[in-house]
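*Asks:* Structure: upload.cif, mmCIF, C-alpha atoms.
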```
data_entry
loop_
_atom_site.label_atom_id
_atom_site.label_comp_id
_atom_site.auth_asym_id
_atom_site.auth_seq_id
_atom_site.Cartn_x
_atom_site.Cartn_y
_atom_site.Cartn_z
CA MET A 1 -18.55 -8.13 31.98
CA HIS A 2 -21.63 -10.28 31.40
CA ILE A 3 -21.77 -11.57 27.81
CA ALA A 4 -24.85 -13.26 26.36
CA ILE A 5 -24.14 -15.60 23.43
CA VAL A 6 -27.30 -15.83 21.35
CA SER A 7 -28.16 -18.41 18.69
CA SER A 8 -31.24 -19.58 16.83
CA ARG A 9 -32.40 -23.20 16.82
CA GLN A 10 -33.23 -22.86 13.11
CA ASP A 11 -29.78 -21.53 12.19
CA PRO A 12 -27.33 -24.38 11.37
CA GLY A 13 -24.31 -22.10 11.59
CA GLY A 14 -25.27 -20.90 15.05
CA VAL A 15 -26.10 -24.44 16.20
CA ASN A 16 -22.67 -25.59 14.99
CA ILE A 17 -20.77 -22.82 16.79
CA ARG A 18 -22.84 -23.20 19.98
CA ARG A 19 -22.14 -26.95 20.12
CA HIS A 20 -18.39 -26.37 19.90
CA LEU A 21 -18.54 -23.59 22.49
CA LEU A 22 -20.32 -25.79 25.00
CA GLU A 23 -18.02 -28.75 24.35
CA ARG A 24 -14.91 -26.70 25.00
CA LEU A 25 -16.31 -25.07 28.10
CA ALA A 26 -17.30 -28.50 29.47
CA ARG A 27 -13.85 -29.99 28.86
CA ARG A 28 -11.49 -27.16 29.77
CA PRO A 29 -13.38 -24.20 31.24
CA GLY A 30 -10.31 -22.72 32.89
CA ASP A 31 -8.29 -22.54 29.68
CA TRP A 32 -10.26 -19.86 27.89
CA PRO A 33 -9.41 -16.14 28.34
CA LEU A 34 -12.96 -14.94 27.63
CA LEU A 35 -14.39 -17.11 30.41
CA GLN A 36 -11.64 -16.09 32.82
CA ALA A 37 -12.40 -12.41 32.33
CA HIS A 38 -16.18 -12.45 31.81
CA HIS A 39 -19.38 -14.23 32.77
CA LEU A 40 -20.95 -16.08 29.82
CA GLU A 41 -24.62 -16.83 29.33
CA PHE A 42 -26.15 -18.83 26.47
CA LEU A 43 -29.53 -17.92 25.02
CA GLU A 44 -31.44 -19.79 22.29
CA VAL A 45 -34.33 -18.37 20.30
CA GLU A 46 -36.70 -19.94 17.80
CA GLY A 47 -36.77 -17.33 15.06
CA ARG A 48 -34.17 -15.59 12.92
CA LEU A 49 -31.66 -13.48 14.82
CA ILE A 50 -32.11 -10.48 12.52
CA TYR A 51 -35.55 -9.93 14.04
CA GLU A 52 -34.47 -10.18 17.70
CA ASP A 53 -34.89 -6.51 18.56
CA ARG A 54 -34.66 -5.80 22.29
CA ILE A 55 -33.33 -9.26 23.12
CA ASP A 56 -31.07 -7.49 25.60
CA GLU A 57 -34.20 -6.92 27.70
CA LYS A 58 -34.32 -10.69 28.32
CA THR A 59 -30.95 -10.64 30.06
CA ASP A 60 -28.85 -8.31 32.18
CA ALA A 61 -25.89 -8.86 29.83
CA ASP A 62 -23.52 -5.99 29.07
CA LEU A 63 -22.83 -7.31 25.56
CA ILE A 64 -24.66 -9.54 23.06
CA LEU A 65 -22.69 -11.91 20.82
CA PHE A 66 -24.81 -13.41 18.05
CA ILE A 67 -23.52 -16.64 16.49
CA SER A 68 -25.01 -17.34 13.10
CA ARG A 69 -24.77 -18.45 9.51
CA HIS A 70 -23.90 -16.07 6.70
CA ALA A 71 -25.47 -16.36 3.25
CA SER A 72 -24.26 -14.70 0.07
CA SER A 73 -25.31 -14.37 -3.55
CA HIS A 74 -21.70 -15.23 -4.41
CA PRO A 75 -21.03 -18.00 -1.89
CA VAL A 76 -17.49 -18.68 -0.75
CA PRO A 77 -16.30 -20.31 2.50
CA ALA A 78 -16.04 -17.43 4.96
CA LEU A 79 -15.78 -16.60 8.65
CA THR A 80 -16.92 -13.07 9.41
CA VAL A 81 -17.70 -10.54 12.12
CA HIS A 82 -19.84 -7.42 11.91
CA VAL A 83 -22.20 -5.10 13.74
CA THR A 84 -25.82 -4.53 12.76
CA GLY A 85 -27.83 -1.59 11.48
CA ASN A 86 -29.48 -0.07 8.44
CA TYR A 87 -28.19 3.00 6.57
CA GLY A 88 -31.39 3.03 4.55
CA PRO A 89 -34.62 0.98 4.52
CA ALA A 90 -34.91 -1.96 6.92
CA GLU A 91 -35.04 -4.78 4.36
CA LEU A 92 -33.71 -7.50 6.68
CA GLY A 93 -34.90 -6.70 10.18
CA GLY A 94 -34.45 -3.79 12.53
CA GLU A 95 -35.47 -0.21 11.91
CA ALA A 96 -34.63 2.03 8.97
CA ARG A 97 -31.67 4.40 9.35
CA THR A 98 -30.73 3.01 12.73
CA LEU A 99 -27.39 1.64 13.95
CA THR A 100 -26.77 -0.49 17.04
CA PRO A 101 -24.01 0.01 19.60
CA ALA A 102 -20.90 -1.79 18.31
CA ALA A 103 -18.30 -3.87 20.15
CA PRO A 104 -15.19 -2.96 18.12
CA GLU A 105 -12.72 -4.24 20.70
CA LEU A 106 -14.20 -7.74 20.84
CA MET A 107 -14.73 -7.84 17.06
CA HIS A 108 -11.07 -6.97 16.57
CA ALA A 109 -9.97 -9.76 18.93
CA VAL A 110 -12.26 -12.37 17.35
CA LEU A 111 -11.29 -11.32 13.81
CA ASN A 112 -7.59 -11.68 14.55
CA ASN A 113 -8.17 -15.07 16.18
CA LEU A 114 -10.16 -16.23 13.16
CA ALA A 115 -7.27 -15.29 10.89
CA HIS A 116 -5.07 -17.74 12.81
CA ARG A 117 -7.65 -20.51 13.25
CA ALA A 118 -9.63 -20.52 10.01
CA PRO A 119 -9.66 -23.86 8.15
CA ASP A 120 -7.91 -23.93 4.78
CA GLY A 121 -9.97 -22.33 2.06
CA TYR A 122 -11.96 -20.01 4.34
CA ARG A 123 -11.82 -16.24 3.93
CA VAL A 124 -11.76 -14.17 7.13
CA SER A 125 -13.15 -10.65 7.12
CA TYR A 126 -15.30 -7.93 8.54
CA GLU A 127 -18.65 -7.43 6.91
CA VAL A 128 -20.03 -3.94 6.56
CA THR A 129 -22.93 -2.85 8.74
CA HIS A 130 -26.13 -4.52 7.57
CA HIS A 131 -29.45 -6.11 8.68
CA GLY A 132 -31.15 -6.24 12.08
CA PRO A 133 -31.64 -6.36 14.92
CA THR A 134 -31.29 -2.68 15.72
CA GLY A 135 -33.39 -2.33 18.88
CA LEU A 136 -30.51 -2.99 21.28
CA ALA A 137 -29.25 -0.80 24.10
CA VAL A 138 -25.97 -2.69 24.70
CA PRO A 139 -23.05 -3.35 22.31
CA SER A 140 -23.32 -6.38 20.07
CA LEU A 141 -21.62 -8.24 17.25
CA PHE A 142 -22.24 -11.16 14.92
CA ALA A 143 -19.72 -13.98 14.42
CA GLU A 144 -20.74 -16.03 11.41
CA ILE A 145 -19.96 -19.01 9.18
CA GLY A 146 -20.61 -18.60 5.46
CA SER A 147 -21.82 -19.16 2.95
CA THR A 148 -23.64 -22.45 2.12
CA PRO A 149 -25.09 -25.37 4.12
CA ARG A 150 -21.81 -27.24 3.62
CA GLU A 151 -19.85 -24.57 5.54
CA TRP A 152 -22.61 -23.89 8.08
CA GLU A 153 -22.40 -27.49 9.28
CA ASP A 154 -18.62 -27.89 8.85
CA PRO A 155 -17.20 -28.99 12.23
CA ALA A 156 -13.84 -27.36 11.46
CA ALA A 157 -15.54 -24.00 10.88
CA GLY A 158 -17.65 -24.32 14.03
CA ARG A 159 -14.57 -25.17 16.04
CA ALA A 160 -12.60 -22.25 14.58
CA VAL A 161 -15.30 -19.71 15.44
CA ALA A 162 -15.90 -21.17 18.91
CA GLU A 163 -12.22 -21.15 19.82
CA SER A 164 -11.73 -17.67 18.34
CA ILE A 165 -14.50 -16.38 20.60
CA LEU A 166 -13.26 -18.13 23.73
CA SER A 167 -9.65 -17.04 23.08
CA ALA A 168 -10.57 -13.39 22.57
CA GLU A 169 -8.65 -10.94 24.73
CA PRO A 170 -9.70 -7.41 23.72
CA ASP A 171 -6.76 -5.00 23.93
CA HIS A 172 -6.22 -1.25 23.81
CA THR A 173 -7.65 -0.72 20.36
CA ILE A 174 -8.05 2.37 18.22
CA ASN A 175 -11.77 2.44 17.43
CA LEU A 176 -12.58 3.57 13.90
CA ILE A 177 -15.49 3.91 11.52
CA GLY A 178 -14.88 2.96 7.90
CA PHE A 179 -16.06 4.12 4.49
CA GLY A 180 -15.85 2.60 1.03
CA GLY A 181 -15.14 -0.79 -0.42
CA THR A 182 -17.27 -3.88 -0.85
CA HIS A 183 -19.49 -5.87 1.50
CA TYR A 184 -16.48 -7.73 2.89
CA ALA A 185 -14.50 -4.59 3.81
CA VAL A 186 -11.24 -5.86 2.35
CA ARG A 187 -9.02 -2.90 3.26
CA GLN A 188 -10.51 -2.48 6.73
CA THR A 189 -9.94 -6.17 7.39
CA ALA A 190 -6.33 -6.02 6.20
CA ILE A 191 -5.63 -2.99 8.39
CA SER A 192 -7.18 -4.57 11.48
CA LEU A 193 -5.13 -7.73 11.02
CA ARG A 194 -1.94 -5.64 11.06
CA SER A 195 -2.69 -3.07 13.74
CA ARG A 196 -4.76 -2.01 16.76
CA ALA A 197 -7.39 -0.53 14.43
CA ALA A 198 -10.77 -1.87 15.53
CA PHE A 199 -13.63 -1.06 13.19
CA GLY A 200 -17.21 -0.79 14.32
CA HIS A 201 -19.66 0.57 11.77
CA ILE A 202 -18.46 0.40 8.16
CA ALA A 203 -20.36 1.96 5.25
CA PRO A 204 -19.59 0.35 1.87
CA GLY A 205 -19.36 2.33 -1.34
CA ARG A 206 -22.93 1.45 -2.30
CA ALA A 207 -24.23 3.04 0.94
CA LEU A 208 -22.58 6.43 0.45
CA PRO A 209 -25.68 8.05 -1.15
CA LEU A 210 -27.59 7.17 2.03
CA LEU A 211 -25.21 8.95 4.39
CA ASP A 212 -25.82 12.32 5.97
CA PRO A 213 -24.30 14.15 8.97
CA GLY A 214 -26.74 12.50 11.38
CA ILE A 215 -25.96 8.96 10.23
CA VAL A 216 -22.21 9.58 10.36
CA ARG A 217 -22.48 10.98 13.88
CA MET A 218 -24.47 7.85 14.76
CA MET A 219 -21.67 5.70 13.30
CA ARG A 220 -19.20 7.63 15.46
CA ASP A 221 -21.21 7.42 18.67
CA GLN A 222 -22.28 3.79 18.34
CA THR A 223 -18.68 2.76 17.60
CA ARG A 224 -17.13 5.11 20.18
CA ALA A 225 -14.80 6.03 17.33
CA VAL A 226 -11.83 8.34 17.70
CA ALA A 227 -11.12 8.62 13.96
CA ALA A 228 -12.21 7.38 10.54
CA TYR A 229 -10.70 5.49 7.62
CA ILE A 230 -11.61 5.94 3.95
CA ASP A 231 -10.83 3.26 1.37
CA ARG A 232 -9.73 5.87 -1.15
CA LYS A 233 -8.84 3.40 -3.88
CA ALA A 234 -12.45 2.23 -3.95
CA LEU A 235 -13.99 5.70 -4.30
CA THR A 236 -14.01 8.56 -6.80
CA LYS A 237 -12.52 11.95 -5.94
CA ALA A 238 -16.01 13.38 -5.56
CA GLU A 239 -17.04 10.58 -3.21
CA ILE A 240 -13.89 11.03 -1.13
CA ALA A 241 -14.53 14.76 -0.81
CA ALA A 242 -18.13 14.15 0.27
CA VAL A 243 -17.09 11.59 2.89
CA GLU A 244 -14.32 13.84 4.21
CA ASP A 245 -16.87 16.62 4.66
CA LEU A 246 -19.21 14.29 6.60
CA ILE A 247 -16.33 13.07 8.78
CA GLY A 248 -15.29 16.65 9.49
CA GLN A 249 -18.85 17.56 10.49
CA ALA A 250 -18.73 14.63 12.93
CA GLY A 251 -15.59 16.09 14.51
CA LEU A 252 -13.34 13.21 13.43
CA GLU A 253 -10.02 13.10 11.60
CA PRO A 254 -9.53 10.73 8.64
CA LEU A 255 -6.47 8.51 9.04
CA THR A 256 -4.64 6.89 6.15
CA GLU A 257 -3.59 3.26 6.25
CA GLY A 258 0.02 4.35 6.68
CA GLU A 259 -0.85 6.55 9.65
CA ILE A 260 -2.85 3.77 11.32
CA LEU A 261 -0.05 1.24 10.92
CA ALA A 262 2.57 3.73 12.10
CA ILE A 263 0.78 4.33 15.41
CA GLY A 264 1.92 0.86 16.48
CA ASP A 265 1.85 0.58 20.27
CA LEU A 266 1.65 4.32 20.88
CA ASP A 267 -1.15 5.42 23.18
CA TRP A 268 -3.92 7.17 21.23
CA GLU A 269 -3.87 10.36 23.30
CA SER A 270 -0.09 10.44 22.96
CA TYR A 271 -0.49 10.11 19.20
CA LEU A 272 -2.78 13.16 19.16
CA LEU A 273 -0.22 15.07 21.22
CA CYS A 274 2.47 14.10 18.70
CA ARG A 275 0.35 15.41 15.82
CA ARG A 276 -0.21 18.66 17.67
CA ALA A 277 3.49 19.01 18.54
CA ALA A 278 4.45 18.34 14.93
CA GLY A 279 2.06 21.03 13.72
CA GLU A 280 3.53 23.53 16.17
CA ALA A 281 7.15 22.65 15.35
CA ALA A 282 6.72 22.67 11.57
CA PRO A 283 3.27 23.73 10.35
CA GLY A 284 2.16 21.62 7.42
CA ALA A 285 4.78 18.91 7.98
CA ALA A 286 3.97 15.21 7.79
CA LEU A 287 4.55 13.11 10.91
CA HIS A 288 6.45 9.81 10.65
CA LEU A 289 6.43 7.68 13.78
CA HIS A 290 9.14 5.15 14.53
CA ALA A 291 9.38 3.08 17.72
CA LEU A 292 7.38 5.34 20.05
CA ALA A 293 5.18 3.27 22.35
CA GLY A 294 2.90 3.61 25.34
CA LYS A 295 2.21 7.01 26.90
CA VAL A 296 4.60 9.79 25.94
CA THR A 297 4.82 13.52 26.42
CA PRO A 298 6.19 14.63 23.05
CA LYS A 299 8.76 17.36 22.83
CA ALA A 300 10.34 18.78 19.68
CA PHE A 301 14.11 18.95 19.41
CA ALA A 302 16.56 19.84 16.66
CA VAL A 303 19.81 18.56 15.24
CA PRO A 304 22.16 20.71 13.13
CA GLY A 305 20.48 21.18 9.77
CA ASP A 306 23.74 21.24 7.79
CA LEU A 307 24.82 17.96 9.42
CA LEU A 308 21.53 16.31 8.53
CA GLU A 309 21.67 17.66 4.98
CA GLU A 310 25.13 16.18 4.43
CA VAL A 311 24.31 12.75 5.84
CA LEU A 312 21.17 12.48 3.72
CA LYS A 313 23.23 13.26 0.62
CA THR A 314 25.91 10.77 1.64
CA ASP A 315 23.98 7.77 3.02
CA LYS A 316 20.22 8.28 3.24
CA THR A 317 19.60 4.53 3.45
CA GLY A 318 21.97 4.18 6.39
CA PHE A 319 20.35 7.11 8.18
CA PHE A 320 16.83 5.68 7.88
CA ALA A 321 18.06 2.27 8.99
CA GLY A 322 19.67 3.93 12.01
CA ILE A 323 16.52 5.73 13.17
CA ARG A 324 14.03 2.94 12.36
CA ASP A 325 14.03 1.45 15.86
CA LEU A 326 14.52 4.65 17.84
CA PRO A 327 11.65 5.97 20.03
CA LEU A 328 11.12 9.14 18.05
CA ALA A 329 9.27 10.68 15.13
CA HIS A 330 10.71 12.54 12.18
CA LEU A 331 8.98 15.21 10.11
CA SER A 332 8.95 15.78 6.38
CA MET A 333 7.64 18.49 4.11
CA GLY A 334 7.44 18.40 0.33
CA SER A 335 10.73 17.27 -1.16
CA ASN A 336 12.45 17.48 2.24
CA GLU A 337 12.25 13.86 3.40
CA VAL A 338 13.63 14.65 6.86
CA LEU A 339 13.45 18.03 8.56
CA PRO A 340 16.06 18.81 11.25
CA VAL A 341 13.26 18.75 13.84
CA PHE A 342 12.31 15.51 15.62
CA LEU A 343 9.84 14.51 18.33
CA ALA A 344 10.41 12.23 21.31
CA ASP A 345 9.23 11.78 24.85
CA ALA A 346 10.51 14.72 26.89
CA ARG A 347 12.49 12.38 29.14
CA GLU A 348 14.37 10.93 26.15
CA VAL A 349 15.25 14.10 24.27
CA SER A 350 18.76 14.61 25.67
CA ARG A 351 19.77 11.00 24.96
CA LEU A 352 18.29 11.00 21.47
CA VAL A 353 20.02 14.23 20.46
CA ASN A 354 23.30 12.46 21.24
CA VAL A 355 22.21 9.29 19.41
CA LEU A 356 21.18 11.15 16.25
CA ILE A 357 24.29 13.33 16.05
CA THR A 358 26.50 10.30 16.70
CA LEU A 359 24.72 8.40 13.92
CA CYS A 360 25.21 11.27 11.45
CA VAL A 361 28.88 11.75 12.33
CA LYS A 362 29.57 8.02 12.12
CA LEU A 363 27.99 7.74 8.66
CA LEU A 364 29.96 10.73 7.37
CA LEU A 365 33.23 9.34 8.78
CA ILE A 366 32.57 6.09 6.94
CA HIS A 367 31.78 7.62 3.57
CA GLU A 368 33.53 10.99 3.39
CA ASP A 369 37.00 12.50 3.74
CA ILE A 370 36.60 14.11 7.17
CA VAL A 371 38.86 16.31 9.27
CA VAL A 372 38.01 17.29 12.84
CA ARG A 373 39.03 20.80 13.87
CA GLY A 374 37.97 21.48 17.42
CA ASP A 375 34.16 21.53 17.42
CA CYS A 376 34.00 21.58 13.63
CA LEU A 377 33.54 18.65 11.32
CA VAL A 378 35.21 19.50 8.01
CA ILE A 379 34.03 17.59 4.95
CA ARG A 380 36.55 17.69 2.11
CA ARG A 381 35.40 16.82 -1.37
CA ALA A 382 37.31 16.89 -4.65
CA ARG A 383 35.38 17.66 -7.81
CA PHE A 384 36.28 17.54 -11.48
CA ASP A 385 37.18 21.04 -12.68
CA PRO A 386 36.56 21.54 -16.43
CA ARG A 387 38.69 24.71 -16.41
CA LYS A 388 41.77 22.82 -15.22
CA ALA A 389 41.15 20.12 -17.80
CA ARG A 390 40.97 22.65 -20.62
CA GLU A 391 44.16 24.33 -19.40
CA LEU A 392 45.90 20.95 -19.79
CA GLY A 393 44.69 20.72 -23.38
CA ILE A 394 41.94 18.18 -22.86
CA PRO A 395 38.99 18.73 -25.18
CA ALA A 396 35.46 18.60 -23.77
CA GLY A 397 33.68 15.34 -24.43
CA PRO A 398 34.38 11.70 -23.58
CA LEU A 399 37.77 12.48 -21.99
CA PHE A 400 36.07 14.86 -19.56
CA GLY A 401 33.68 12.08 -18.61
CA ARG A 402 36.50 9.59 -18.03
CA LEU A 403 38.40 11.97 -15.76
CA ALA A 404 35.25 12.96 -13.86
CA GLY A 405 34.58 9.25 -13.27
CA GLY A 406 38.02 8.72 -11.74
CA GLY A 407 39.84 7.38 -14.80
CA GLU A 408 43.10 8.50 -16.38
CA VAL A 409 43.57 9.80 -19.94
CA GLU A 410 46.55 10.42 -22.23
CA ILE A 411 46.88 13.39 -24.51
CA GLY A 412 49.90 14.48 -26.50
CA GLY A 413 51.92 11.68 -24.91
CA ARG A 414 51.15 12.99 -21.41
CA ARG A 415 49.25 11.01 -18.79
CA ILE A 416 46.58 13.04 -17.01
CA THR A 417 45.30 11.72 -13.65
CA PRO A 418 42.01 12.74 -11.99
CA ASP A 419 43.74 14.64 -9.18
CA MET A 420 45.36 16.93 -11.76
CA VAL A 421 41.95 18.24 -12.85
CA GLN A 422 40.21 18.46 -9.49
CA THR A 423 39.31 21.33 -7.21
CA SER A 424 38.97 20.71 -3.49
CA HIS A 425 35.96 22.00 -1.60
CA GLU A 426 35.46 22.05 2.15
CA ARG A 427 32.29 22.34 4.19
CA GLU A 428 32.60 23.10 7.86
CA ILE A 429 29.87 21.97 10.24
CA HIS A 430 29.94 23.29 13.79
CA ILE A 431 28.87 20.73 16.39
CA PRO A 432 29.30 21.84 20.03
CA GLY A 433 31.07 19.14 22.02
CA LEU A 434 32.01 17.25 18.82
CA GLU A 435 34.49 14.99 20.58
CA ARG A 436 31.56 13.29 22.35
CA TYR A 437 30.23 12.02 19.01
CA THR A 438 33.48 10.77 17.49
#
```
Translate the structure described by the file into structure tokens.

*Replies:*
Amino acid sequence: MHIAIVSSRQDPGGVNIRRHLLERLARRPGDWPLLQAHHLEFLEVEGRLIYEDRIDEKTDADLILFISRHASSHPVPALTVHVTGNYGPAELGGEARTLTPAAPELMHAVLNNLAHRAPDGYRVSYEVTHHGPTGLAVPSLFAEIGSTPREWEDPAAGRAVAESILSAEPDHTINLIGFGGTHYAVRQTAISLRSRAAFGHIAPGRALPLLDPGIVRMMRDQTRAVAAYIDRKALTKAEIAAVEDLIGQAGLEPLTEGEILAIGDLDWESYLLCRRAAGEAAPGAALHLHALAGKVTPKAFAVPGDLLEEVLKTDKTGFFAGIRDLPLAHLSMGSNEVLPVFLADAREVSRLVNVLITLCVKLLLIHEDIVVRGDCLVIRRARFDPRKARELGIPAGPLFGRLAGGGEVEIGGRRITPDMVQTSHEREIHIPGLERYT
């Protein structure tokens, strides 16, 4: 790819970053991943970058990277990335109601590098979509230093941005559009720094009245987005409903933060297949991914429901710890935290059935009184029986509680032990080939 790095001679932030870029390329050109993978070109202009519509016509670059200063009415030291466009009037360059093609993959890589390289005291974040230029046919992004002349000329900030750009290695991201929040897209930034979620166009809460189906489709297309994220904590119920309707009209699904983080290293198309398989296996169930990664062909499989029910009553914590690192997904619905239906890659199903049943049997053997009868696991439990206690002359009340808790009592000179007032119950669970799991 041919990348043009554009700065303005009148912009101290851009001059600072450019100087550090050129110094590092002169000293160690072979050390930087961006240069190894792409051809870099440097362009300088005289005026403000926000008015550089159609600058891509001056180069045959496939992507434009603007390096610049960032100013704010509430100045704090900041290193930011964002894409350009206007949801409403063009107050700072570009055209009204126009969004440029975004470079979410490179923005994600630069943002994550900035988080590791930022000088002490600097905030790292996305900014929402704002200002020009908009007249661009190729993807672009801004990488900026904010927010006062002190930071614009800070060598440590210039070095951090330069090295974050040169070290960028865009990966297999999940491209998203975002809605809600403030100018600095706090939740979107936090999600991107913990996942493969790469945001392109982000509409802050203040821009929601300007959105319509056409603008949201433009956000989708210019980001090449596969889904959307809504900062629900920053919006009212009415605003959330309106945004969800616009997202639906654009043919996208809203993902929660938990869903985005759970995708982990799973291929996006495989994730969609998992959602579809979950809906077919248990309509309305929630999908919970564990250590699934890469490309998978999901297949639903079951474990004995009575076995799962017993182990969740006996040691739910141990069960979840046991499945945490397995390449599977579990389903839940309402108060049922784990349904007896799981998903895994088709090639792994046979092995994982064995692993899950073995885990359940092992946990029950640890915590319960178990007898094995052929292919049946028999769980024996003793429970306090109030009828037996009354027959032995024990009045209801504190003495009942002591016996039920495993303590002894004395009444009429006679010692009563818990086993004297218990009734035994058995539950038999049939598991074909049980000896394999014990």

*Asks:* Report as a list in words the residues that result from applying the PyMOL selection byres ((chain A and resi 296) around 12) to the structure here.

*Replies:*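 Listing what the PyMOL selection byres ((chain A and resi 296) around 12) selects in the shown file: Asp265, Leu266, Asp267, Trp268, Glu269, Ser270, Tyr271, Leu272, Leu273, Cys274, Ala277, Ala291, Leu292, Ala293, Gly294, Lys295, Thr297, Pro298, Lys299, Pro327, Leu328, Ala329, Leu343, Ala344, Asp345, Ala346, Arg347, Glu348 and Val349 of chain A.
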
*Asks:* Go ahead and dump the residues you just picked, C-alpha atoms, as a JSON list (two decimals), in the coordinates of the input.

*Replies:*
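Listed below is the output, result-v6.json:
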```
[["chain", "number", "residue", "atom", "x", "y", "z"],
["A", 265, "ASP", "CA", 1.85, 0.58, 20.27],
["A", 266, "LEU", "CA", 1.65, 4.32, 20.88],
["A", 267, "ASP", "CA", -1.15, 5.42, 23.18],
["A", 268, "TRP", "CA", -3.92, 7.17, 21.23],
["A", 269, "GLU", "CA", -3.87, 10.36, 23.30],
["A", 270, "SER", "CA", -0.09, 10.44, 22.96],
["A", 271, "TYR", "CA", -0.49, 10.11, 19.20],
["A", 272, "LEU", "CA", -2.78, 13.16, 19.16],
["A", 273, "LEU", "CA", -0.22, 15.07, 21.22],
["A", 274, "CYS", "CA", 2.47, 14.10, 18.70],
["A", 277, "ALA", "CA", 3.49, 19.01, 18.54],
["A", 291, "ALA", "CA", 9.38, 3.08, 17.72],
["A", 292, "LEU", "CA", 7.38, 5.34, 20.05],
["A", 293, "ALA", "CA", 5.18, 3.27, 22.35],
["A", 294, "GLY", "CA", 2.90, 3.61, 25.34],
["A", 295, "LYS", "CA", 2.21, 7.01, 26.90],
["A", 297, "THR", "CA", 4.82, 13.52, 26.42],
["A", 298, "PRO", "CA", 6.19, 14.63, 23.05],
["A", 299, "LYS", "CA", 8.76, 17.36, 22.83],
["A", 327, "PRO", "CA", 11.65, 5.97, 20.03],
["A", 328, "LEU", "CA", 11.12, 9.14, 18.05],
["A", 329, "ALA", "CA", 9.27, 10.68, 15.13],
["A", 343, "LEU", "CA", 9.84, 14.51, 18.33],
["A", 344, "ALA", "CA", 10.41, 12.23, 21.31],
["A", 345, "ASP", "CA", 9.23, 11.78, 24.85],
["A", 346, "ALA", "CA", 10.51, 14.72, 26.89],
["A", 347, "ARG", "CA", 12.49, 12.38, 29.14],
["A", 348, "GLU", "CA", 14.37, 10.93, 26.15],
["A", 349, "VAL", "CA", 15.25, 14.10, 24.27]]
```

*Asks:* Expand the PyMOL selection byres ((chain A and resi 206-213) around 9) into the explicit residue set it covers here, and present it as a ChimeraX atom specification.

*Replies:* /A:87-88,97,179-183,203-205,214-218,239,242-243,245-247,249-250

*Asks:* Please produce an output containing C-alpha atoms for each residue in the selection, written as a PDB file, in the frame of the given file.

*Replies:*
```pdb
ATOM      1  CA  TYR A  87     -28.190   3.000   6.570  1.00  0.00           C
ATOM      2  CA  GLY A  88     -31.390   3.030   4.550  1.00  0.00           C
ATOM      3  CA  ARG A  97     -31.670   4.400   9.350  1.00  0.00           C
ATOM      4  CA  PHE A 179     -16.060   4.120   4.490  1.00  0.00           C
ATOM      5  CA  GLY A 180     -15.850   2.600   1.030  1.00  0.00           C
ATOM      6  CA  GLY A 181     -15.140  -0.790  -0.420  1.00  0.00           C
ATOM      7  CA  THR A 182     -17.270  -3.880  -0.850  1.00  0.00           C
ATOM      8  CA  HIS A 183     -19.490  -5.870   1.500  1.00  0.00           C
ATOM      9  CA  ALA A 203     -20.360   1.960   5.250  1.00  0.00           C
ATOM     10  CA  PRO A 204     -19.590   0.350   1.870  1.00  0.00           C
ATOM     11  CA  GLY A 205     -19.360   2.330  -1.340  1.00  0.00           C
ATOM     12  CA  GLY A 214     -26.740  12.500  11.380  1.00  0.00           C
ATOM     13  CA  ILE A 215     -25.960   8.960  10.230  1.00  0.00           C
ATOM     14  CA  VAL A 216     -22.210   9.580  10.360  1.00  0.00           C
ATOM     15  CA  ARG A 217     -22.480  10.980  13.880  1.00  0.00           C
ATOM     16  CA  MET A 218     -24.470   7.850  14.760  1.00  0.00           C
ATOM     17  CA  GLU A 239     -17.040  10.580  -3.210  1.00  0.00           C
ATOM     18  CA  ALA A 242     -18.130  14.150   0.270  1.00  0.00           C
ATOM     19  CA  VAL A 243     -17.090  11.590   2.890  1.00  0.00           C
ATOM     20  CA  ASP A 245     -16.870  16.620   4.660  1.00  0.00           C
ATOM     21  CA  LEU A 246     -19.210  14.290   6.600  1.00  0.00           C
ATOM     22  CA  ILE A 247     -16.330  13.070   8.780  1.00  0.00           C
ATOM     23  CA  GLN A 249     -18.850  17.560  10.490  1.00  0.00           C
ATOM     24  CA  ALA A 250     -18.730  14.630  12.930  1.00  0.00           C
TER      25      ALA A 250
END
```

*Asks:* I'd like the residues picked by the PyMOL selection byres ((chain A and resi 191-196) around 9) written out as a PyMOL selection string, using the chain letters and numbers from the file.

*Replies:* chain A and resi 108+111-112+115+171-175+186-190+197-199+257+260-265

*Asks:* When you count only C-alpha atoms, which of these residues is closest to Ala225 of chain A: A:Glu105, A:Asp375, A:Glu44, A:Asp53?

*Replies:*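 Counting only C-alpha atoms, the residue closest to Ala225 of chain A is A:Glu105.
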
*Asks:* Pull the neighbourhood of (-13.6, -16.4, 15.0) for me: all residues within 7 Å in file coordinates, counting all atoms listed in the file, as a PyMOL selection string.

*Replies:* chain A and resi 79+110-111+113-114+143+160-165

*Asks:* So that I have them on file, write out the residues from the current selection with C-alpha atoms, as a JSON list (two decimals), in the frame of the given file.

*Replies:*
```
[["chain", "number", "residue", "atom", "x", "y", "z"],
["A", 79, "LEU", "CA", -15.78, -16.60, 8.65],
["A", 110, "VAL", "CA", -12.26, -12.37, 17.35],
["A", 111, "LEU", "CA", -11.29, -11.32, 13.81],
["A", 113, "ASN", "CA", -8.17, -15.07, 16.18],
["A", 114, "LEU", "CA", -10.16, -16.23, 13.16],
["A", 143, "ALA", "CA", -19.72, -13.98, 14.42],
["A", 160, "ALA", "CA", -12.60, -22.25, 14.58],
["A", 161, "VAL", "CA", -15.30, -19.71, 15.44],
["A", 162, "ALA", "CA", -15.90, -21.17, 18.91],
["A", 163, "GLU", "CA", -12.22, -21.15, 19.82],
["A", 164, "SER", "CA", -11.73, -17.67, 18.34],
["A", 165, "ILE", "CA", -14.50, -16.38, 20.60]]
```
